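A.B. asks: Got a structure for you, structure_33.txt, holding compact mmCIF, C-alpha atoms and all ligand atoms.
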# COMPACT_ATOMS: atom_id res chain seq x y z
CA MET A 266 -16.77 -9.05 17.06
CA ASN A 267 -19.86 -7.24 15.67
CA CYS A 268 -19.20 -5.89 12.19
CA PRO A 269 -21.47 -3.13 10.88
CA ARG A 270 -23.33 -4.42 7.83
CA ASP A 271 -23.58 -1.14 5.98
CA TRP A 272 -22.21 2.38 5.66
CA PRO A 273 -23.68 5.11 7.90
CA GLU A 274 -24.32 7.43 4.91
CA PRO A 275 -24.92 6.95 1.18
CA ILE A 276 -21.65 6.31 -0.64
CA ILE A 277 -20.53 8.96 -3.10
CA ARG A 278 -17.76 8.04 -5.53
CA VAL A 279 -14.99 10.61 -5.46
CA GLN A 280 -14.44 9.94 -9.15
CA SER A 281 -18.06 11.03 -9.86
CA LEU A 282 -17.55 14.23 -7.89
CA SER A 283 -14.38 14.93 -9.81
CA ASP A 284 -15.97 14.14 -13.19
CA SER A 285 -18.95 16.38 -12.39
CA GLY A 286 -16.71 19.43 -12.81
CA ILE A 287 -17.26 20.92 -9.34
CA THR A 288 -14.92 23.79 -8.52
CA ALA A 289 -15.16 23.45 -4.71
CA ILE A 290 -14.96 20.18 -2.82
CA PRO A 291 -17.86 19.24 -0.48
CA ASP A 292 -17.29 20.04 3.22
CA ARG A 293 -16.98 16.39 4.15
CA TYR A 294 -13.61 16.24 2.35
CA VAL A 295 -12.19 19.45 3.84
CA LYS A 296 -9.55 18.60 6.44
CA ALA A 297 -8.94 20.65 9.57
CA PRO A 298 -6.25 23.28 8.90
CA SER A 299 -3.65 21.30 10.91
CA ALA A 300 -4.34 18.16 8.83
CA ARG A 301 -4.03 19.72 5.38
CA PRO A 302 -1.13 18.94 3.03
CA SER A 303 2.12 20.51 4.13
CA PHE A 304 4.44 21.92 1.52
CA ASP A 305 7.36 22.97 3.73
CA SER A 306 11.03 22.95 2.78
CA THR A 307 11.43 19.23 3.56
CA THR A 308 8.60 18.39 1.19
CA HIS A 309 10.40 20.05 -1.67
CA SER A 310 13.88 18.78 -0.86
CA ASP A 311 15.78 16.27 -2.98
CA ALA A 312 15.75 13.78 -0.12
CA ASN A 313 14.42 10.35 -0.96
CA ILE A 314 13.94 7.04 0.81
CA PRO A 315 16.78 4.51 0.21
CA ILE A 316 16.83 2.53 -3.05
CA ILE A 317 18.16 -1.02 -2.65
CA ASP A 318 19.24 -3.36 -5.47
CA LEU A 319 18.01 -6.78 -4.35
CA GLY A 320 20.13 -8.44 -7.07
CA GLY A 321 22.87 -8.25 -4.44
CA LEU A 322 21.17 -11.01 -2.45
CA ASN A 323 22.31 -13.46 -5.15
CA GLY A 324 25.68 -11.83 -5.73
CA GLY A 325 28.01 -13.91 -3.54
CA ASP A 326 28.78 -13.67 0.18
CA ASN A 327 30.23 -10.18 0.24
CA LEU A 328 27.54 -8.53 -1.88
CA GLU A 329 24.82 -10.45 -0.05
CA SER A 330 25.97 -9.15 3.31
CA ILE A 331 26.25 -5.57 1.97
CA THR A 332 22.67 -5.84 0.67
CA LEU A 333 21.38 -7.31 3.93
CA ASN A 334 23.01 -4.42 5.77
CA LYS A 335 21.32 -1.91 3.49
CA VAL A 336 17.95 -3.52 4.19
CA HIS A 337 18.66 -3.51 7.91
CA ASP A 338 19.66 0.16 7.97
CA ALA A 339 16.66 1.18 5.84
CA CYS A 340 14.28 -0.69 8.17
CA LEU A 341 15.71 0.92 11.27
CA GLU A 342 16.15 4.41 9.92
CA TRP A 343 13.08 4.74 7.70
CA GLY A 344 10.77 1.72 7.78
CA PHE A 345 10.38 2.63 4.08
CA PHE A 346 12.60 1.89 1.08
CA GLN A 347 12.46 1.14 -2.63
CA VAL A 348 13.65 -2.12 -4.16
CA VAL A 349 14.88 -2.69 -7.72
CA ASN A 350 15.97 -5.98 -9.33
CA HIS A 351 13.30 -7.55 -7.16
CA GLY A 352 12.31 -10.43 -9.44
CA VAL A 353 8.80 -9.21 -10.34
CA SER A 354 8.47 -8.83 -14.11
CA PRO A 355 8.51 -5.13 -15.13
CA ASP A 356 6.06 -5.91 -17.90
CA LEU A 357 3.67 -7.46 -15.40
CA MET A 358 3.95 -4.38 -13.16
CA ASP A 359 2.98 -2.18 -16.11
CA ARG A 360 0.08 -4.45 -17.04
CA ALA A 361 -1.21 -4.54 -13.45
CA ARG A 362 -1.22 -0.75 -13.28
CA GLU A 363 -2.88 -0.49 -16.70
CA VAL A 364 -5.59 -3.06 -16.08
CA TRP A 365 -6.67 -1.30 -12.89
CA ARG A 366 -6.60 2.06 -14.65
CA GLU A 367 -8.98 0.53 -17.20
CA PHE A 368 -11.18 -0.77 -14.40
CA PHE A 369 -11.62 2.68 -12.87
CA HIS A 370 -12.35 4.24 -16.26
CA GLN A 371 -15.30 1.93 -16.94
CA PRO A 372 -18.89 3.22 -16.64
CA MET A 373 -20.06 3.56 -13.05
CA GLU A 374 -22.70 0.83 -13.36
CA VAL A 375 -20.00 -1.72 -14.21
CA LYS A 376 -18.04 -0.81 -11.06
CA GLN A 377 -21.04 -0.50 -8.76
CA VAL A 378 -21.67 -4.24 -9.08
CA TYR A 379 -18.66 -4.66 -6.80
CA GLY A 380 -19.58 -1.90 -4.30
CA ASN A 381 -18.18 -2.93 -0.92
CA SER A 382 -19.54 -2.93 2.62
CA PRO A 383 -17.79 -2.43 5.95
CA ASN A 384 -18.32 -6.12 6.62
CA THR A 385 -15.23 -7.27 4.71
CA TYR A 386 -14.26 -4.14 2.72
CA GLU A 387 -13.75 -6.39 -0.31
CA GLY A 388 -14.68 -4.69 -3.56
CA TYR A 389 -15.06 -1.13 -4.83
CA GLY A 390 -14.91 1.37 -1.98
CA SER A 391 -14.86 5.08 -1.27
CA ARG A 392 -14.42 5.32 2.47
CA LEU A 393 -12.79 3.58 5.41
CA GLY A 394 -14.48 3.47 8.78
CA VAL A 395 -18.13 3.87 9.70
CA ASP A 396 -18.16 6.99 11.88
CA LYS A 397 -21.20 9.02 10.89
CA GLY A 398 -20.21 12.48 9.69
CA ALA A 399 -16.48 11.62 9.42
CA ILE A 400 -14.27 13.76 7.20
CA LEU A 401 -13.38 11.59 4.21
CA ASP A 402 -10.31 11.17 2.00
CA TRP A 403 -10.33 12.22 -1.64
CA SER A 404 -9.94 8.75 -3.18
CA ASP A 405 -11.72 5.58 -4.26
CA TYR A 406 -10.16 2.13 -4.00
CA TYR A 407 -10.53 -1.56 -4.70
CA PHE A 408 -9.72 -4.12 -2.04
CA LEU A 409 -9.28 -7.90 -2.40
CA HIS A 410 -8.13 -10.85 -0.35
CA TYR A 411 -5.53 -12.92 -2.19
CA LEU A 412 -4.13 -15.35 0.38
CA PRO A 413 -4.66 -17.68 2.15
CA TYR A 414 -6.40 -19.39 -0.70
CA SER A 415 -9.45 -20.10 1.46
CA SER A 416 -10.07 -16.34 1.80
CA ARG A 417 -10.15 -15.77 -1.96
CA ASP A 418 -13.56 -15.05 -3.49
CA TYR A 419 -13.32 -14.71 -7.28
CA ASN A 420 -16.86 -13.26 -7.36
CA LYS A 421 -15.35 -10.16 -5.82
CA TRP A 422 -12.66 -9.96 -8.52
CA PRO A 423 -13.85 -7.69 -11.35
CA ALA A 424 -14.79 -9.65 -14.49
CA LEU A 425 -13.90 -6.63 -16.64
CA PRO A 426 -11.48 -5.76 -18.12
CA THR A 427 -11.26 -9.39 -19.25
CA SER A 428 -7.55 -9.75 -18.50
CA LEU A 429 -7.86 -8.37 -14.95
CA ARG A 430 -8.21 -11.64 -13.03
CA GLU A 431 -5.34 -13.32 -14.84
CA VAL A 432 -3.03 -10.31 -14.49
CA ILE A 433 -3.82 -9.82 -10.81
CA ASP A 434 -3.38 -13.49 -10.05
CA GLU A 435 0.09 -13.56 -11.61
CA TYR A 436 1.06 -10.16 -10.20
CA SER A 437 0.05 -11.13 -6.67
CA LYS A 438 1.88 -14.46 -6.96
CA GLN A 439 5.12 -12.72 -7.92
CA VAL A 440 4.77 -10.06 -5.21
CA VAL A 441 4.13 -12.71 -2.56
CA ARG A 442 7.32 -14.45 -3.71
CA LEU A 443 9.17 -11.14 -3.29
CA GLY A 444 7.64 -10.86 0.18
CA GLY A 445 9.20 -14.23 1.00
CA VAL A 446 12.63 -12.96 -0.09
CA LEU A 447 12.36 -9.93 2.17
CA LEU A 448 10.96 -11.90 5.11
CA LYS A 449 14.03 -14.13 4.85
CA ALA A 450 16.38 -11.11 4.70
CA LEU A 451 14.69 -9.51 7.69
CA SER A 452 14.85 -12.74 9.70
CA ILE A 453 18.58 -13.08 9.03
CA ASN A 454 19.09 -9.43 9.96
CA LEU A 455 17.35 -10.03 13.29
CA GLY A 456 19.66 -12.96 14.00
CA LEU A 457 16.83 -15.47 13.60
CA ASN A 458 16.34 -18.61 11.58
CA GLU A 459 15.78 -17.51 7.95
CA LYS A 460 12.25 -18.99 7.95
CA PHE A 461 11.27 -17.36 11.24
CA LEU A 462 9.18 -14.44 9.95
CA GLN A 463 7.58 -16.46 7.14
CA ASN A 464 6.48 -19.04 9.73
CA ALA A 465 5.37 -16.38 12.21
CA PHE A 466 3.13 -14.96 9.47
CA GLY A 467 1.47 -18.30 8.81
CA GLY A 468 4.05 -20.26 6.77
CA ASP A 469 2.26 -21.61 3.69
CA ASP A 470 -0.98 -20.00 4.94
CA ILE A 471 0.44 -16.50 4.87
CA GLY A 472 -2.16 -13.74 4.35
CA ALA A 473 -2.00 -11.30 1.44
CA CYS A 474 -4.39 -8.58 0.27
CA LEU A 475 -4.44 -6.24 -2.67
CA ARG A 476 -5.58 -2.65 -2.43
CA VAL A 477 -5.66 -0.32 -5.42
CA ASN A 478 -5.98 3.38 -4.66
CA PHE A 479 -7.46 5.73 -7.23
CA TYR A 480 -6.97 9.46 -6.67
CA PRO A 481 -9.24 11.48 -8.97
CA LYS A 482 -8.33 15.00 -9.97
CA CYS A 483 -9.15 17.42 -7.16
CA PRO A 484 -10.24 21.06 -7.65
CA GLN A 485 -8.88 22.15 -4.23
CA PRO A 486 -5.87 19.94 -3.47
CA ASP A 487 -4.64 22.25 -0.70
CA LEU A 488 -7.73 21.51 1.44
CA THR A 489 -7.78 17.72 1.46
CA LEU A 490 -5.69 14.55 1.22
CA GLY A 491 -5.87 11.51 -1.06
CA LEU A 492 -5.18 9.35 1.98
CA SER A 493 -4.81 10.52 5.59
CA PRO A 494 -1.55 9.91 7.48
CA HIS A 495 -1.35 6.34 8.76
CA SER A 496 0.96 3.43 9.39
CA ASP A 497 0.16 0.08 7.81
CA PRO A 498 -1.12 -2.51 10.27
CA GLY A 499 0.16 -5.62 8.44
CA GLY A 500 3.58 -7.16 8.02
CA MET A 501 4.83 -5.52 4.87
CA THR A 502 3.31 -3.45 2.05
CA PHE A 503 4.56 -3.32 -1.54
CA LEU A 504 3.45 -0.15 -3.28
CA LEU A 505 3.45 0.06 -7.05
CA PRO A 506 3.43 3.81 -7.69
CA ASP A 507 2.07 5.63 -10.69
CA HIS A 508 4.66 6.59 -13.31
CA ASN A 509 3.40 10.10 -13.81
CA VAL A 510 2.40 11.34 -10.39
CA SER A 511 4.33 11.61 -7.16
CA GLY A 512 2.19 12.05 -4.11
CA LEU A 513 3.32 9.60 -1.44
CA GLN A 514 4.96 11.30 1.53
CA VAL A 515 6.89 9.62 4.34
CA ARG A 516 7.33 11.12 7.78
CA LYS A 517 10.99 11.64 8.70
CA ASN A 518 11.89 13.42 11.91
CA ASP A 519 9.67 16.54 11.91
CA GLY A 520 8.99 16.75 8.19
CA TRP A 521 7.51 14.91 5.23
CA ILE A 522 9.68 13.52 2.42
CA THR A 523 8.02 13.14 -0.97
CA VAL A 524 9.02 9.75 -2.40
CA LYS A 525 10.59 9.91 -5.86
CA PRO A 526 9.81 6.50 -7.38
CA ALA A 527 12.63 4.76 -9.29
CA PRO A 528 11.66 3.06 -12.59
CA HIS A 529 9.99 -0.30 -11.99
CA ALA A 530 10.77 -0.19 -8.28
CA PHE A 531 8.45 -1.27 -5.52
CA ILE A 532 8.14 0.95 -2.47
CA VAL A 533 8.33 -1.25 0.62
CA ASN A 534 6.62 -0.14 3.82
CA ILE A 535 7.48 -2.16 6.91
CA GLY A 536 4.16 -2.54 8.71
CA ASP A 537 3.40 -2.30 12.40
CA GLN A 538 3.63 -6.02 13.01
CA ILE A 539 7.17 -6.41 11.67
CA GLN A 540 8.14 -3.21 13.46
CA VAL A 541 7.07 -4.92 16.66
CA PHE A 542 9.20 -7.97 15.84
CA THR A 543 12.11 -5.65 15.21
CA LEU A 544 11.62 -4.09 18.63
CA ILE A 545 11.51 -7.48 20.26
CA PHE A 546 14.54 -8.99 18.59
CA SER A 547 16.89 -6.12 17.87
CA HIS A 548 19.18 -5.11 20.67
CA PHE A 549 17.66 -1.63 20.63
CA SER A 550 14.93 -2.67 23.01
CA SER A 551 14.50 -5.03 25.89
CA ASP A 552 10.71 -4.74 25.87
CA TYR A 553 8.71 -7.88 25.23
CA ILE A 554 5.41 -7.80 23.41
CA LEU A 555 3.13 -10.69 22.40
CA ILE A 556 1.56 -10.90 18.97
CA SER A 557 -1.33 -13.11 17.97
CA SER A 558 -1.83 -12.97 14.20
CA ILE A 559 -0.17 -11.30 11.29
CA ASN A 560 -0.90 -10.67 7.63
CA ILE A 561 1.18 -9.48 4.77
CA TYR A 562 -0.58 -6.87 2.70
CA ILE A 563 0.20 -6.25 -0.91
CA LYS A 564 -0.94 -3.07 -2.49
CA GLY A 565 -1.23 -2.21 -6.11
CA HIS A 566 -1.55 1.37 -7.12
CA ALA A 567 -3.47 2.66 -10.11
CA THR A 568 -3.58 6.40 -9.71
CA HIS A 569 -3.64 8.69 -12.69
CA THR A 570 -4.12 12.33 -11.82
CA SER A 571 -3.28 12.64 -8.17
CA GLU A 572 -3.40 16.29 -7.35
CA CYS A 573 -4.08 15.49 -3.72
CA SER A 574 -1.17 13.88 -2.00
O1 LIG B 1 -1.20 5.53 -2.63
C1 LIG B 1 -0.15 5.70 -2.02
O2 LIG B 1 0.83 6.24 -2.55
C2 LIG B 1 -0.04 5.28 -0.61
C3 LIG B 1 -0.94 4.14 -0.32
C4 LIG B 1 -0.97 3.79 1.10
O3 LIG B 1 -0.26 4.29 1.94
C5 LIG B 1 -1.93 2.79 1.52
O4 LIG B 1 -2.74 2.32 0.70
O5 LIG B 1 -1.89 2.42 2.73
Render the structure in this file as structure tokens.
Ligand SMILES: O=C(O)CCC(=O)C(=O)O

C.D. replies:
Amino acid sequence: MNCPRDWPEPIIRVQSLSDSGITAIPDRYVKAPSARPSFDSTTHSDANIPIIDLGGLNGGDNLESITLNKVHDACLEWGFFQVVNHGVSPDLMDRAREVWREFFHQPMEVKQVYGNSPNTYEGYGSRLGVDKGAILDWSDYYFLHYLPYSSRDYNKWPALPTSLREVIDEYSKQVVRLGGVLLKALSINLGLNEKFLQNAFGGDDIGACLRVNFYPKCPQPDLTLGLSPHSDPGGMTFLLPDHNVSGLQVRKNDGWITVKPAPHAFIVNIGDQIQVFTLIFSHFSSDYILISSINIYIKGHATHTSECS
């Protein structure tokens, strides 16, 4: 496949726009009226995605099967849920969020060293896609490959703040372990061997990436979005939300539910590839679809003032 080597237009950091004190956002961030944030009655309701205590998986036969059922129902009904008692250290989650916050608050010249290209997307980025003249999202991000080991390039991992590499290494290791726990639960729920999904995703060579989204303060949050509506292409995404800001919305029936993060929970998004497995193996469908390769994506989240959701 031919990958474009560079962006079609000069890259502008959304954080710089925000810091410049503009009172109106540039046209290239203004979404069509039908694509702007919706604040209907569902958005403001108390509804939330399910919260599942994964401690139940080690709680004896009865509790284990209740927990597996909760995971199964959440996958089928929502494709989104939160997990608590997940085994990732709460202190490490806080440090991961903090170290990335520090990264984004460094001077621009420190961050620009890691400016990314559409070749691999690894590094500091401000847009996805290379369509000239595209309407952009109001966010910057950092993207890294973590696994398989052969895909890891430490030159792309920021050297500053000094603790970043160590924190991210440990954080990613623990989140990948959590991914293994959920892949096992999902395999059992689909009536498969407990190692089935782990093996289907590469076994010991499983893929994992880290993406950190940064949503700078926006002067006209009703005209744009921090991130456009999408489904995640990988196997599973673990979102570490910001403590102070809620902005993530999940589509449910005809409306959008604003996720209310539980303390030290991860938000789990079942990606397209596992959704396909679910279609194949659950008795809800008799369709058969072939899949060639699959990655698990891990996402960190270091937002601070997300006024655009
Ligand atoms: O930042 C969020 O809350 C959502 C992130 C997300 O959906 C993504 O990175 O794909």

A.B. asks: Kindly indicate which residue among A:Ile290, A:Leu447, A:Met358, A:Ile331 lies nearest to A:His508, using all atoms listed in the file for the distances.

C.D. replies: A:Met358

A.B. asks: Determine, counting all atoms listed in the file, every residue of protein, DNA or RNA that lies within 12 Å of (-26.4, 4.1, -8.0) in the file coordinates, then give the result as a PyMOL selection string.

C.D. replies: chain A and resi 275-278+281+372-380

A.B. asks: Measuring atom to atom with all atoms listed in the file, identify which of A:Glu459, A:Asp497, A:Asp292, A:Glu342 is nearest to ligand LIG 1 (chain B).

C.D. replies: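 So, comparing all the options, the nearest one is A:Asp497.
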
A.B. asks: Residues contacting ligand LIG 1 (chain B) - anything with an atom at most 9 Å away, using all atoms listed in the file - can you give me those as an NGL selection string?

C.D. replies: :A and (406 or 476-480 or 491-497 or 502 or 504-507 or 511-514 or 524 or 534 or 564-568 or 574)

A.B. asks: Determine, for each residue of stretch 459-506 of chain A having at least one atom at most 10 Å from an atom of stretch 535-542 of chain A, the closest pair of atoms and their separation in Å to one decimal, counting all atoms listed in the file; order by chain and ascending number, as CSV.

C.D. replies:
residue,atom,partner,partner_atom,distance
A:Leu462,CA,A:Ile539,CA,8.5
A:Ala465,CA,A:Phe542,CA,9.9
A:Phe466,CA,A:Gln538,CA,9.6
A:Ser496,CA,A:Gly536,CA,6.8
A:Asp497,CA,A:Gly536,CA,4.9
A:Pro498,CA,A:Asp537,CA,5.0
A:Gly499,CA,A:Gly536,CA,5.1
A:Gly500,CA,A:Gly536,CA,4.7
A:Met501,CA,A:Ile535,CA,4.7
A:Thr502,CA,A:Ile535,CA,6.5
A:Phe503,CA,A:Ile535,CA,9.0

A.B. asks: Excluding same-chain residues fewer than 6 positions from A:Ser330, what lies within 12 Å of it counting only C-alpha atoms, as a list in words?

C.D. replies: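 Non-adjacent residues within range: Leu319, Gly320, Gly321, Leu322, Asn323, Gly324, Val336, His337, Ala450, Ile453 and Asn454 of chain A.
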